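File shown: final-v2.cif (mmCIF, C-alpha atoms and all ligand atoms).
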```cif
data_final
#
loop_
_atom_site.label_atom_id
_atom_site.label_comp_id
_atom_site.auth_asym_id
_atom_site.auth_seq_id
_atom_site.Cartn_x
_atom_site.Cartn_y
_atom_site.Cartn_z
CA MET F 878 19.76 3.41 -20.57
CA LEU F 879 17.47 2.31 -23.39
CA SER F 880 16.90 4.44 -26.44
CA THR F 881 13.75 6.61 -26.29
CA LYS F 882 12.46 4.37 -29.08
CA TYR F 883 11.19 2.12 -26.29
CA ASP F 884 10.07 4.87 -23.95
CA ALA F 885 8.11 7.44 -25.89
CA ILE F 886 4.61 7.32 -24.38
CA ARG F 887 3.30 9.20 -21.34
CA ALA F 888 -0.31 8.64 -20.27
CA VAL F 889 -0.29 11.15 -17.40
CA ILE F 890 1.26 14.60 -17.88
CA TRP F 891 1.23 17.47 -15.39
CA ALA F 892 0.62 20.93 -16.86
CA GLU F 893 0.13 24.22 -15.01
CA MET F 894 -3.64 24.23 -15.63
CA GLY F 895 -4.11 20.63 -14.50
CA VAL F 896 -3.34 17.04 -15.31
CA GLN F 897 -3.59 15.61 -18.80
CA PHE F 898 -4.66 12.02 -19.45
CA LEU F 899 -4.23 10.17 -22.73
CA ASP F 900 -7.81 8.90 -22.97
CA GLN F 901 -7.42 5.12 -22.89
CA ARG F 902 -11.07 4.51 -23.75
CA ARG F 903 -10.42 5.89 -27.22
CA LEU F 904 -7.22 4.07 -28.11
CA PRO F 905 -6.11 2.82 -30.55
CA GLU F 906 -8.43 4.77 -32.88
CA GLU F 907 -7.79 8.18 -31.35
CA GLU F 908 -4.89 9.66 -29.41
CA THR F 909 -6.59 12.44 -27.47
CA TYR F 910 -5.70 13.99 -24.14
CA GLN F 911 -8.34 14.95 -21.60
CA VAL F 912 -7.49 17.69 -19.07
CA ALA F 913 -8.65 17.51 -15.46
CA THR F 914 -8.51 20.81 -13.57
CA ARG F 915 -10.31 19.63 -10.42
CA ALA F 916 -9.85 16.67 -8.08
CA SER F 917 -13.40 15.48 -8.84
CA GLU F 918 -12.49 15.27 -12.54
CA VAL F 919 -9.41 13.19 -11.70
CA ALA F 920 -11.56 10.82 -9.61
CA GLU F 921 -14.01 10.52 -12.48
CA ALA F 922 -11.18 9.87 -14.98
CA ILE F 923 -9.98 7.00 -12.76
CA THR F 924 -13.47 5.52 -12.29
CA LYS F 925 -14.27 5.74 -16.01
CA MET F 926 -10.84 4.34 -16.95
CA VAL F 927 -9.67 7.34 -18.94
CA VAL F 928 -6.55 6.53 -16.91
CA ARG F 929 -6.00 2.96 -15.69
CA GLY F 930 -3.32 0.54 -14.53
CA ALA F 931 -2.29 0.39 -10.88
CA PRO F 932 0.74 2.75 -10.82
CA ALA F 933 -0.88 5.24 -13.23
CA ILE F 934 -3.96 5.42 -11.01
CA GLY F 935 -1.77 6.27 -8.00
CA ILE F 936 0.10 8.97 -9.92
CA ALA F 937 -3.16 10.45 -11.22
CA ALA F 938 -4.57 10.58 -7.68
CA ALA F 939 -1.44 12.34 -6.41
CA TYR F 940 -1.87 15.06 -9.03
CA GLY F 941 -5.56 15.15 -8.06
CA VAL F 942 -4.51 16.07 -4.53
CA VAL F 943 -2.48 19.00 -5.92
CA LEU F 944 -5.58 20.27 -7.73
CA ALA F 945 -7.66 19.79 -4.59
CA ALA F 946 -5.15 21.79 -2.53
CA ARG F 947 -5.16 24.59 -5.12
CA ALA F 948 -8.95 24.87 -4.93
CA ARG F 949 -9.28 24.41 -1.17
CA PHE F 950 -6.52 26.90 -0.31
CA SER F 951 -8.16 29.59 -2.45
CA GLU F 952 -11.46 28.77 -0.68
CA SER F 953 -9.90 29.15 2.78
CA SER F 954 -6.21 29.58 3.54
CA LEU F 955 -6.89 28.66 7.17
CA SER F 956 -9.05 25.57 6.91
CA TRP F 957 -7.93 24.06 3.58
CA ARG F 958 -6.54 20.99 5.39
CA GLN F 959 -9.97 20.14 6.80
CA LEU F 960 -11.72 20.88 3.50
CA ILE F 961 -9.38 18.71 1.45
CA GLU F 962 -10.46 15.58 3.37
CA ALA F 963 -13.58 15.32 1.17
CA ASP F 964 -11.38 15.32 -1.96
CA LEU F 965 -9.06 12.66 -0.53
CA CYS F 966 -12.10 10.48 0.19
CA ALA F 967 -13.52 11.00 -3.31
CA LEU F 968 -10.18 10.06 -4.89
CA ALA F 969 -9.88 6.97 -2.65
CA ALA F 970 -13.36 5.83 -3.73
CA ALA F 971 -12.50 6.00 -7.44
CA ARG F 972 -11.47 2.31 -7.78
CA PRO F 973 -11.04 -0.35 -5.07
CA THR F 974 -8.41 -2.94 -6.05
CA ALA F 975 -5.14 -1.24 -7.08
CA VAL F 976 -3.42 -0.42 -3.80
CA ASN F 977 -1.15 2.15 -5.48
CA LEU F 978 -4.11 4.54 -5.27
CA PHE F 979 -4.23 4.35 -1.47
CA TRP F 980 -0.43 4.26 -1.19
CA ALA F 981 -0.11 7.51 -3.19
CA LEU F 982 -2.90 9.19 -1.23
CA ALA F 983 -1.21 8.19 2.06
CA ARG F 984 2.02 9.80 0.85
CA MET F 985 0.21 12.99 -0.10
CA ARG F 986 -1.71 12.99 3.19
CA SER F 987 1.49 12.78 5.22
CA ARG F 988 2.83 15.85 3.33
CA ILE F 989 -0.42 17.70 4.03
CA LYS F 990 -0.14 16.88 7.73
CA ASP F 991 3.26 18.61 7.96
CA LEU F 992 2.17 21.83 6.20
CA PRO F 993 1.21 25.00 8.07
CA ASP F 994 -2.36 26.33 7.69
CA ASN F 995 -1.79 29.64 5.98
CA VAL F 996 1.01 28.91 3.50
CA ASP F 997 0.09 27.98 -0.09
CA PRO F 998 0.62 24.17 -0.21
CA GLU F 999 0.68 23.74 -3.99
CA ALA F 1000 4.45 23.78 -4.60
CA VAL F 1001 5.20 21.22 -1.87
CA LEU F 1002 2.38 18.89 -2.93
CA LEU F 1003 3.27 19.18 -6.60
CA ALA F 1004 6.88 18.26 -5.79
CA GLU F 1005 5.63 15.18 -3.92
CA ALA F 1006 3.33 14.12 -6.77
CA GLN F 1007 6.15 14.57 -9.26
CA SER F 1008 8.45 12.47 -7.05
CA ILE F 1009 5.84 9.69 -6.98
CA HIS F 1010 5.69 9.90 -10.79
CA LEU F 1011 9.46 9.93 -11.34
CA GLU F 1012 10.14 7.21 -8.77
CA ASP F 1013 7.67 4.97 -10.61
CA ILE F 1014 9.50 5.44 -13.91
CA GLU F 1015 12.83 4.74 -12.17
CA ALA F 1016 11.36 1.60 -10.55
CA ASN F 1017 10.22 0.43 -13.98
CA TYR F 1018 13.72 0.85 -15.43
CA GLN F 1019 15.18 -1.05 -12.50
CA MET F 1020 12.63 -3.88 -12.74
CA SER F 1021 13.11 -4.13 -16.49
CA LYS F 1022 16.77 -5.06 -15.96
CA LEU F 1023 16.08 -7.46 -13.09
CA GLY F 1024 13.26 -9.19 -14.95
CA ALA F 1025 15.16 -9.43 -18.25
CA ALA F 1026 18.07 -11.09 -16.41
CA LEU F 1027 15.77 -14.05 -15.68
CA ILE F 1028 15.10 -14.71 -19.36
CA GLU F 1029 17.54 -17.13 -20.96
CA GLY F 1030 18.37 -17.29 -24.65
CA SER F 1031 15.81 -15.95 -27.06
CA ALA F 1032 12.32 -16.49 -25.71
CA ASN F 1033 8.70 -16.16 -26.69
CA VAL F 1034 6.65 -14.60 -23.92
CA LEU F 1035 2.97 -14.19 -23.17
CA THR F 1036 1.48 -11.17 -21.42
CA HIS F 1037 -1.97 -10.21 -20.17
CA CYS F 1038 -3.83 -6.90 -19.86
CA ASN F 1039 -1.76 -3.73 -20.33
CA THR F 1040 1.23 -3.10 -18.11
CA GLY F 1041 3.11 -0.59 -20.25
CA SER F 1042 3.61 3.16 -20.37
CA LEU F 1043 -0.15 3.56 -20.37
CA ALA F 1044 -0.54 1.74 -17.04
CA THR F 1045 2.37 3.39 -15.22
CA GLY F 1046 4.35 6.61 -14.93
CA GLY F 1047 6.10 5.46 -18.10
CA PHE F 1048 7.87 2.45 -19.67
CA GLY F 1049 5.91 -0.22 -17.82
CA THR F 1050 6.19 -3.10 -15.37
CA ALA F 1051 5.79 -6.42 -17.23
CA LEU F 1052 5.95 -4.53 -20.53
CA GLY F 1053 9.09 -2.76 -19.27
CA VAL F 1054 10.75 -6.15 -18.79
CA ILE F 1055 9.58 -7.17 -22.27
CA ARG F 1056 10.85 -3.91 -23.80
CA HIS F 1057 14.24 -4.24 -22.14
CA ALA F 1058 14.61 -7.94 -22.96
CA TYR F 1059 13.62 -7.34 -26.58
CA SER F 1060 16.15 -4.55 -26.94
CA LYS F 1061 18.84 -6.99 -25.74
CA GLY F 1062 17.79 -9.70 -28.24
CA GLN F 1063 16.29 -11.94 -25.53
CA ILE F 1064 12.77 -11.99 -26.91
CA LYS F 1065 11.63 -13.20 -30.32
CA LYS F 1066 7.92 -12.60 -30.08
CA VAL F 1067 5.31 -11.33 -27.64
CA PHE F 1068 1.92 -13.04 -27.48
CA ALA F 1069 -0.66 -10.62 -26.05
CA ASP F 1070 -3.99 -11.77 -24.63
CA GLU F 1071 -6.79 -9.55 -25.91
CA THR F 1072 -8.03 -9.34 -22.27
CA ARG F 1073 -11.77 -9.47 -22.52
CA PRO F 1074 -13.95 -7.63 -21.56
CA TRP F 1075 -12.20 -4.24 -21.65
CA LEU F 1076 -9.64 -5.39 -24.25
CA GLN F 1077 -6.59 -3.77 -22.66
CA GLY F 1078 -4.43 -6.30 -24.53
CA ALA F 1079 -5.95 -5.75 -27.97
CA ARG F 1080 -6.44 -2.01 -27.73
CA LEU F 1081 -3.49 -0.92 -25.59
CA THR F 1082 -0.72 -3.54 -25.35
CA ALA F 1083 -0.73 -4.35 -29.07
CA TRP F 1084 -0.72 -0.59 -29.77
CA GLU F 1085 2.28 0.02 -27.49
CA LEU F 1086 4.25 -2.97 -28.81
CA MET F 1087 3.57 -2.19 -32.45
CA ARG F 1088 4.64 1.42 -31.97
CA ASP F 1089 7.92 0.02 -30.62
CA GLN F 1090 8.15 -2.41 -33.56
CA ILE F 1091 8.29 -5.39 -31.22
CA PRO F 1092 6.92 -8.53 -32.96
CA THR F 1093 3.46 -9.07 -31.47
CA VAL F 1094 0.83 -11.76 -31.86
CA LEU F 1095 -2.63 -10.98 -30.50
CA ILE F 1096 -4.63 -13.94 -29.21
CA ALA F 1097 -8.09 -14.50 -27.76
CA ASP F 1098 -7.73 -15.18 -24.03
CA SER F 1099 -8.97 -18.75 -24.45
CA VAL F 1100 -6.05 -19.56 -26.79
CA ALA F 1101 -3.42 -19.09 -24.06
CA PRO F 1102 -3.53 -22.54 -22.35
CA TYR F 1103 -3.42 -24.26 -25.77
CA LEU F 1104 -0.42 -22.15 -26.76
CA LEU F 1105 1.36 -22.86 -23.47
CA GLY F 1106 0.76 -26.58 -24.08
CA GLN F 1107 2.48 -26.35 -27.46
CA GLY F 1108 5.77 -25.47 -25.80
CA GLN F 1109 6.03 -22.19 -27.71
CA ILE F 1110 6.21 -19.90 -24.67
CA GLN F 1111 9.07 -19.75 -22.14
CA TRP F 1112 7.67 -17.10 -19.78
CA VAL F 1113 4.29 -15.63 -18.89
CA ILE F 1114 4.95 -12.07 -17.67
CA ILE F 1115 2.23 -10.01 -15.99
CA GLY F 1116 1.83 -6.98 -13.69
CA ALA F 1117 -0.14 -6.64 -10.47
CA ASP F 1118 -2.77 -4.44 -8.86
CA ARG F 1119 -2.28 -5.54 -5.26
CA ILE F 1120 0.09 -8.09 -3.74
CA ALA F 1121 -0.58 -9.46 -0.25
CA ALA F 1122 2.21 -9.93 2.30
CA ASN F 1123 2.46 -13.63 1.38
CA GLY F 1124 2.92 -12.91 -2.35
CA ASP F 1125 -0.64 -13.71 -3.49
CA THR F 1126 -1.23 -11.40 -6.43
CA ALA F 1127 -4.39 -9.65 -7.64
CA ASN F 1128 -4.22 -8.76 -11.31
CA LYS F 1129 -6.54 -8.46 -14.30
CA ILE F 1130 -9.16 -11.21 -14.50
CA GLY F 1131 -7.66 -14.14 -16.42
CA SER F 1132 -4.26 -13.97 -14.70
CA TYR F 1133 -5.10 -16.87 -12.37
CA SER F 1134 -6.14 -19.17 -15.22
CA LEU F 1135 -2.90 -18.27 -17.02
CA ALA F 1136 -0.87 -19.17 -13.90
CA LEU F 1137 -2.65 -22.53 -13.60
CA ALA F 1138 -2.08 -23.34 -17.25
CA ALA F 1139 1.56 -22.20 -17.05
CA ARG F 1140 2.24 -24.44 -14.03
CA HIS F 1141 0.50 -27.39 -15.70
CA HIS F 1142 2.68 -27.04 -18.80
CA GLY F 1143 5.94 -26.20 -17.00
CA VAL F 1144 6.05 -22.60 -18.29
CA ARG F 1145 7.53 -20.07 -15.89
CA PHE F 1146 5.36 -17.30 -14.48
CA MET F 1147 6.74 -13.83 -13.64
CA VAL F 1148 4.95 -10.99 -11.82
CA VAL F 1149 6.51 -7.54 -12.19
CA ALA F 1150 5.37 -4.79 -9.82
CA PRO F 1151 6.88 -1.93 -7.82
CA THR F 1152 6.84 -2.27 -4.02
CA SER F 1153 4.08 0.40 -3.99
CA THR F 1154 1.80 -2.44 -5.20
CA ILE F 1155 2.45 -4.55 -2.08
CA ASP F 1156 -0.17 -4.27 0.65
CA TRP F 1157 1.69 -5.35 3.79
CA SER F 1158 -1.50 -5.05 5.83
CA LEU F 1159 -3.07 -8.08 4.12
CA SER F 1160 -1.73 -11.49 5.09
CA SER F 1161 -3.19 -13.27 2.05
CA GLY F 1162 -4.88 -12.61 -1.27
CA SER F 1163 -8.31 -13.63 0.02
CA GLU F 1164 -8.47 -10.23 1.77
CA ILE F 1165 -7.94 -8.21 -1.43
CA PRO F 1166 -11.11 -6.29 -2.45
CA ILE F 1167 -12.08 -7.22 -5.99
CA GLU F 1168 -13.78 -4.63 -8.16
CA GLN F 1169 -17.04 -5.64 -9.84
CA ARG F 1170 -17.50 -3.87 -13.17
CA PRO F 1171 -20.73 -2.90 -15.00
CA GLN F 1172 -22.69 -5.68 -16.72
CA GLU F 1173 -22.63 -3.77 -20.03
CA GLU F 1174 -18.96 -4.76 -20.42
CA ILE F 1175 -20.09 -8.38 -20.82
CA LEU F 1176 -23.44 -7.85 -22.53
CA THR F 1177 -21.95 -5.70 -25.30
CA LEU F 1178 -18.91 -5.62 -27.53
CA ALA F 1179 -17.82 -2.37 -29.23
CA GLY F 1180 -21.20 -0.91 -28.30
CA LYS F 1181 -23.24 -3.76 -29.85
CA ALA F 1182 -25.32 -6.24 -27.83
CA VAL F 1183 -23.83 -9.75 -27.80
CA ALA F 1184 -26.28 -11.28 -25.28
CA MET F 1185 -29.96 -11.05 -24.46
CA PRO F 1186 -30.66 -7.86 -22.48
CA GLY F 1187 -31.44 -8.86 -18.90
CA THR F 1188 -29.02 -11.82 -18.89
CA GLU F 1189 -27.45 -12.14 -15.44
CA VAL F 1190 -23.78 -11.16 -15.47
CA TYR F 1191 -20.81 -11.73 -13.16
CA ASN F 1192 -17.96 -9.34 -14.04
CA PRO F 1193 -15.08 -9.26 -11.55
CA ALA F 1194 -12.27 -7.08 -12.93
CA PHE F 1195 -9.48 -8.94 -11.12
CA ASP F 1196 -8.59 -12.35 -9.77
CA VAL F 1197 -5.98 -13.55 -7.29
CA THR F 1198 -3.09 -15.82 -8.26
CA PRO F 1199 -1.81 -17.78 -5.25
CA ALA F 1200 1.86 -17.13 -4.53
CA ASP F 1201 2.79 -20.78 -5.04
CA LEU F 1202 1.96 -20.48 -8.75
CA ILE F 1203 4.43 -17.58 -9.15
CA ASP F 1204 8.03 -18.43 -10.09
CA ALA F 1205 9.43 -14.92 -9.78
CA LEU F 1206 8.20 -11.66 -8.30
CA VAL F 1207 10.26 -8.79 -9.70
CA THR F 1208 10.27 -5.49 -7.77
CA GLU F 1209 12.61 -2.49 -7.96
CA LYS F 1210 14.14 -3.67 -4.67
CA GLY F 1211 14.97 -7.13 -5.93
CA VAL F 1212 13.62 -10.44 -7.22
CA ILE F 1213 11.82 -12.93 -4.99
CA LEU F 1214 11.85 -16.45 -6.39
CA GLN F 1215 8.86 -18.63 -5.34
CA PRO F 1216 7.44 -15.88 -3.10
CA ASN F 1217 6.01 -16.67 0.32
CA SER F 1218 5.54 -14.66 3.54
CA ASN F 1219 9.13 -15.17 4.70
CA ARG F 1220 10.85 -14.41 1.41
CA MET F 1221 8.63 -11.34 0.90
CA LYS F 1222 10.00 -9.85 4.14
CA THR F 1223 13.41 -9.36 2.50
CA LEU F 1224 11.77 -6.49 0.55
CA LEU F 1225 11.19 -4.65 3.83
CA ALA F 1226 14.90 -4.54 4.63
O1 LIG H 1 -8.55 -2.52 -14.93
P1 LIG H 1 -7.17 -2.03 -15.27
O2 LIG H 1 -6.96 -1.86 -16.73
O3 LIG H 1 -6.78 -0.82 -14.46
O4 LIG H 1 -6.24 -3.22 -14.80
C1 LIG H 1 -4.86 -3.12 -14.97
C2 LIG H 1 -4.14 -4.36 -14.67
O5 LIG H 1 -4.70 -5.33 -14.21
C3 LIG H 1 -2.67 -4.33 -14.86
O6 LIG H 1 -2.22 -5.59 -15.22
C4 LIG H 1 -2.02 -3.92 -13.54
O7 LIG H 1 -2.53 -2.69 -13.11
C5 LIG H 1 -0.56 -3.83 -13.64
S1 LIG H 1 -0.14 -2.41 -14.59
C6 LIG H 1 1.40 -1.96 -14.40
#
```

Let's see the structure in the file written out as structure tokens.
Amino acid sequence: MLSTKYDAIRAVIWAEMGVQFLDQRRLPEEETYQVATRASEVAEAITKMVVRGAPAIGIAAAYGVVLAARARFSESSLSWRQLIEADLCALAAARPTAVNLFWALARMRSRIKDLPDNVDPEAVLLAEAQSIHLEDIEANYQMSKLGAALIEGSANVLTHCNTGSLATGGFGTALGVIRHAYSKGQIKKVFADETRPWLQGARLTAWELMRDQIPTVLIADSVAPYLLGQGQIQWVIIGADRIAANGDTANKIGSYSLALAARHHGVRFMVVAPTSTIDWSLSSGSEIPIEQRPQEEILTLAGKAVAMPGTEVYNPAFDVTPADLIDALVTEKGVILQPNSNRMKTLLA
């Protein structure tokens, strides 16, 4: 087990009154927690990206279901299971791409289905939400070891977006691998893409890595292919928001261009994600719904206009990296090298 030096941040915390979110819109300037006491507030926190990152969104939604059950049971101990449907729908509508949201809601829904009408459901649903949370942290620890085992010698790595404690139950997916590998002396330096437009890399990843005293170099996204061409980077390591059954991977916009540049320059490309991020119902990445974000994210920077008001904007939040550009998919159930539909099936065993 790693020292808590590398595992000290929790973005989602359950408390009796509700669920607390470390407000990711305010980092790194301010470390403030926002409390949601109702399911609608959890849905809003997800939509507004107070809480973000695929696994963290799923965990938040699970706690949102607990709050919904609390409110609906006190409204009607007999028909709370019908009433809670509206809350489940509102939570599901909060963001479209990260499948962990729908996966967590399906788990909570199957618990709800088994519960009797007139018994307070809160304890059972809270236990399920906490299991989802703890299992995610365990999966991250497991993936961190499996991913680090792929890194030879002492490497420089490049990462995109934020995949750390802030994006998960704790510790992180791609950032978990980086944390573990660094602690074992396998990583010299981490290059972090700033990740325009929301700046998850600049605001969140650099903050997490610097807190852990892991040597970090922040770069503009457009620098990455040039850097990969200089032979300075051995691995690109990213997370995922939804992985299709053939291994095609939706992740933060800019991941696809990184994968292309990595393949062109012979740099290996690793995707790290728990199996809760795999959507077995989709045969390829072309079926993954891609969130479109508000135009203000492109027209402004830190609240200041950087383009003519009224300029047409295209702002997809995610892109899809075809499986054949991925060298290794690391899950808690094992590593798939060069993923494709057949090799992915081994994760179902
Ligand atoms: O829009 P975000 O910040 O929620 O997007 C997050 C990402 O794309 C992450 O890379 C992904 O969720 C993996 S996080 C463990």

Would you mind listing, for every residue of chain F within 7 Å of ligand LIG 1 (chain H), the two atoms forming the shortest contact and the distance between them in Å to one decimal, using all atoms listed in the file, sorted by chain and ascending residue number, as a tab-separated table?
```
residue	atom	partner	partner_atom	distance
F:Arg929	CA	H:LIG1	O3	4.1
F:Gly930	CA	H:LIG1	O7	3.6
F:Ala931	CA	H:LIG1	O7	3.8
F:Pro932	CA	H:LIG1	C6	6.0
F:Ala975	CA	H:LIG1	O7	6.7
F:His1037	CA	H:LIG1	O6	6.8
F:Cys1038	CA	H:LIG1	O6	5.1
F:Asn1039	CA	H:LIG1	O6	5.5
F:Thr1040	CA	H:LIG1	S1	3.8
F:Gly1041	CA	H:LIG1	C6	6.2
F:Ala1044	CA	H:LIG1	S1	4.8
F:Thr1045	CA	H:LIG1	C6	5.5
F:Gly1049	CA	H:LIG1	C6	5.9
F:Thr1050	CA	H:LIG1	C6	5.0
F:Ala1051	CA	H:LIG1	C6	6.9
F:Gln1077	CA	H:LIG1	O2	6.2
F:Ile1115	CA	H:LIG1	O6	6.3
F:Gly1116	CA	H:LIG1	C5	4.0
F:Ala1117	CA	H:LIG1	C5	4.3
F:Asp1118	CA	H:LIG1	O7	4.6
F:Asn1128	CA	H:LIG1	O5	4.5
F:Lys1129	CA	H:LIG1	O5	3.6
F:Ala1150	CA	H:LIG1	C6	6.7
F:Ala1194	CA	H:LIG1	O1	6.2
F:Phe1195	CA	H:LIG1	O5	6.7
```

Practice prompt. Name the closest residue to His1057 (chain F) among the candidates F:Lys882, F:Gln897, F:Gly1162, F:Ile890; distances are taken between atoms, counting all atoms listed in the file.
Written response: F:Lys882

Show me a table, sorted first by chain and then by increasing residue number, of the residues of region 1073-1123 of chain F having an atom at most 10 Å from region 1201-1205 of chain F, each with its shortest atom pair and the distance in Å to one decimal, counting only C-alpha atoms and written as a tab-separated table.
```
residue	atom	partner	partner_atom	distance
F:Trp1112	CA	F:Asp1204	CA	9.8
F:Val1113	CA	F:Ile1203	CA	9.9
F:Ile1114	CA	F:Ala1205	CA	9.5
F:Asn1123	CA	F:Asp1201	CA	9.6
```

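Separating CA of Trp1075 (chain F) from CA of Ala967 (chain F) is a distance of 23.9 Å.
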
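The nearest approach to Ala963 (chain F) among the residues F:Ala1025, F:Ile1009, F:Ile1130, F:Ala916, with all atoms listed in the file taken into account, belongs to F:Ala916.
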
Worksheet item: Quick one: residues within 8 Å of Asp964 (chain F), only C-alpha atoms counted, chain neighbours fewer than 4 positions away excluded, as a ChimeraX atom specification?
Response: /F:916-917,942,945,960,968

Write the selection just made, keeping C-alpha atoms, as an mmCIF file, keeping the file's coordinate frame?
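Contents of result.cif, freshly written:
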```cif
data_model
loop_
_atom_site.group_PDB
_atom_site.id
_atom_site.type_symbol
_atom_site.label_atom_id
_atom_site.label_comp_id
_atom_site.auth_asym_id
_atom_site.auth_seq_id
_atom_site.Cartn_x
_atom_site.Cartn_y
_atom_site.Cartn_z
ATOM 1 C CA ALA F 916 -9.850 16.670 -8.080
ATOM 2 C CA SER F 917 -13.400 15.480 -8.840
ATOM 3 C CA VAL F 942 -4.510 16.070 -4.530
ATOM 4 C CA ALA F 945 -7.660 19.790 -4.590
ATOM 5 C CA LEU F 960 -11.720 20.880 3.500
ATOM 6 C CA LEU F 968 -10.180 10.060 -4.890
#
```

Worksheet entry | Length of the CA of Asp1070 (chain F) to CA of Ala1101 (chain F) vector [Å] |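 According to the coordinates, CA of Asp1070 (chain F) and CA of Ala1101 (chain F) are separated by 7.4 Å.
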
Practice prompt. State, in Å with one decimal place, the distance from CA of Asp1098 (chain F) to CA of Gly1131 (chain F).
Written response: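 Distance between the two atoms: 7.7 Å.
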
Worksheet item: Residues at most 7 Å from region 1083-1085 of chain F, counting only C-alpha atoms, excluding those fewer than 6 positions away in the same chain, as a list in words?
Response: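 Listed by chain and then number, they are Pro905, Ala1069 and Thr1093 of chain F.
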
Practice prompt. Give the answer as one residue: which of F:Gly1124, F:Ala1182, F:Ile1155, F:Ala1026 has the shortest atom-to-atom distance to Thr1198 (chain F), using all atoms listed in the file?
Written response: F:Gly1124

Discussion item. From the options F:Pro1074, F:Tyr1133, F:Lys1222, F:Gly1047, which residue's atoms come nearest to Val1183 (chain F), counting only C-alpha atoms?
Written reply: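 So, comparing all the options, the nearest one is F:Pro1074.
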
Worksheet item: Which is closer to Phe950 (chain F) than all the others in F:Leu1052, F:Ala1226, F:Leu992, F:Val927, using all atoms listed in the file?
Response: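 The shortest atom-to-atom distance to Phe950 (chain F) comes from F:Leu992.
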
Practice prompt. List the neighbours of Val1100 (chain F) out to 12 Å using all atoms listed in the file; skip same-chain residues closer than 3 positions along the sequence, and give me the result as a list in words.
Written response: Leu1035, Phe1068, Ala1069, Asp1070, Glu1071, Thr1072, Val1094, Leu1095, Ile1096, Ala1097, Tyr1103, Leu1104, Leu1105, Gly1106, Gln1107, Gly1131, Ser1134, Leu1135 and Ala1138 of chain F

Atoms kept (C-alpha atoms) for selection, written as a PDB file, in the coordinates of the input:
```pdb
ATOM      1  CA  LEU F1035       2.970 -14.190 -23.170  1.00  0.00           C
ATOM      2  CA  PHE F1068       1.920 -13.040 -27.480  1.00  0.00           C
ATOM      3  CA  ALA F1069      -0.660 -10.620 -26.050  1.00  0.00           C
ATOM      4  CA  ASP F1070      -3.990 -11.770 -24.630  1.00  0.00           C
ATOM      5  CA  GLU F1071      -6.790  -9.550 -25.910  1.00  0.00           C
ATOM      6  CA  THR F1072      -8.030  -9.340 -22.270  1.00  0.00           C
ATOM      7  CA  VAL F1094       0.830 -11.760 -31.860  1.00  0.00           C
ATOM      8  CA  LEU F1095      -2.630 -10.980 -30.500  1.00  0.00           C
ATOM      9  CA  ILE F1096      -4.630 -13.940 -29.210  1.00  0.00           C
ATOM     10  CA  ALA F1097      -8.090 -14.500 -27.760  1.00  0.00           C
ATOM     11  CA  TYR F1103      -3.420 -24.260 -25.770  1.00  0.00           C
ATOM     12  CA  LEU F1104      -0.420 -22.150 -26.760  1.00  0.00           C
ATOM     13  CA  LEU F1105       1.360 -22.860 -23.470  1.00  0.00           C
ATOM     14  CA  GLY F1106       0.760 -26.580 -24.080  1.00  0.00           C
ATOM     15  CA  GLN F1107       2.480 -26.350 -27.460  1.00  0.00           C
ATOM     16  CA  GLY F1131      -7.660 -14.140 -16.420  1.00  0.00           C
ATOM     17  CA  SER F1134      -6.140 -19.170 -15.220  1.00  0.00           C
ATOM     18  CA  LEU F1135      -2.900 -18.270 -17.020  1.00  0.00           C
ATOM     19  CA  ALA F1138      -2.080 -23.340 -17.250  1.00  0.00           C
TER      20      ALA F1138
END
```

Worksheet entry | Surrounding residues of Ile1165 (chain F) excluding itself and chain neighbours under 2 positions, 10 Å, only C-alpha atoms, as a PyMOL selection string | chain F and resi 973-976+1118-1121+1125-1127+1156+1159-1163+1167-1168+1195-1197

Write out the residues from the selection above, keeping C-alpha atoms, as a compact mmCIF listing (two decimals), keeping the file's coordinate frame.
```
# COMPACT_ATOMS: atom_id res chain seq x y z
CA PRO F 973 -11.04 -0.35 -5.07
CA THR F 974 -8.41 -2.94 -6.05
CA ALA F 975 -5.14 -1.24 -7.08
CA VAL F 976 -3.42 -0.42 -3.80
CA ASP F 1118 -2.77 -4.44 -8.86
CA ARG F 1119 -2.28 -5.54 -5.26
CA ILE F 1120 0.09 -8.09 -3.74
CA ALA F 1121 -0.58 -9.46 -0.25
CA ASP F 1125 -0.64 -13.71 -3.49
CA THR F 1126 -1.23 -11.40 -6.43
CA ALA F 1127 -4.39 -9.65 -7.64
CA ASP F 1156 -0.17 -4.27 0.65
CA LEU F 1159 -3.07 -8.08 4.12
CA SER F 1160 -1.73 -11.49 5.09
CA SER F 1161 -3.19 -13.27 2.05
CA GLY F 1162 -4.88 -12.61 -1.27
CA SER F 1163 -8.31 -13.63 0.02
CA ILE F 1167 -12.08 -7.22 -5.99
CA GLU F 1168 -13.78 -4.63 -8.16
CA PHE F 1195 -9.48 -8.94 -11.12
CA ASP F 1196 -8.59 -12.35 -9.77
CA VAL F 1197 -5.98 -13.55 -7.29
```

Item to complete: Identify, on the basis of all atoms listed in the file, every residue whose closest approach to Pro1171 (chain F) does not exceed 10 Å; exclude the query and any residue fewer than 4 positions from it along the same chain; express the result as number ranges by chain.
Response: F: 1175-1176, 1190-1194

Need the axis-aligned box for region 904-918 of chain F with 5 Å each side, so what are the centre and edges in Å to one decimal, as lines of an AutoDock Vina configuration file?
```
center_x = -9.1
center_y = 11.8
center_z = -20.5
size_x = 18.5
size_y = 28.0
size_z = 34.8
```

Discussion item. Could you check the closest approach to Leu1011 (chain F) for each of F:Ile1055, F:Ala933, F:Ala1079, F:Arg1170 and tell me which residue wins, using all atoms listed in the file?
Written reply: F:Ala933
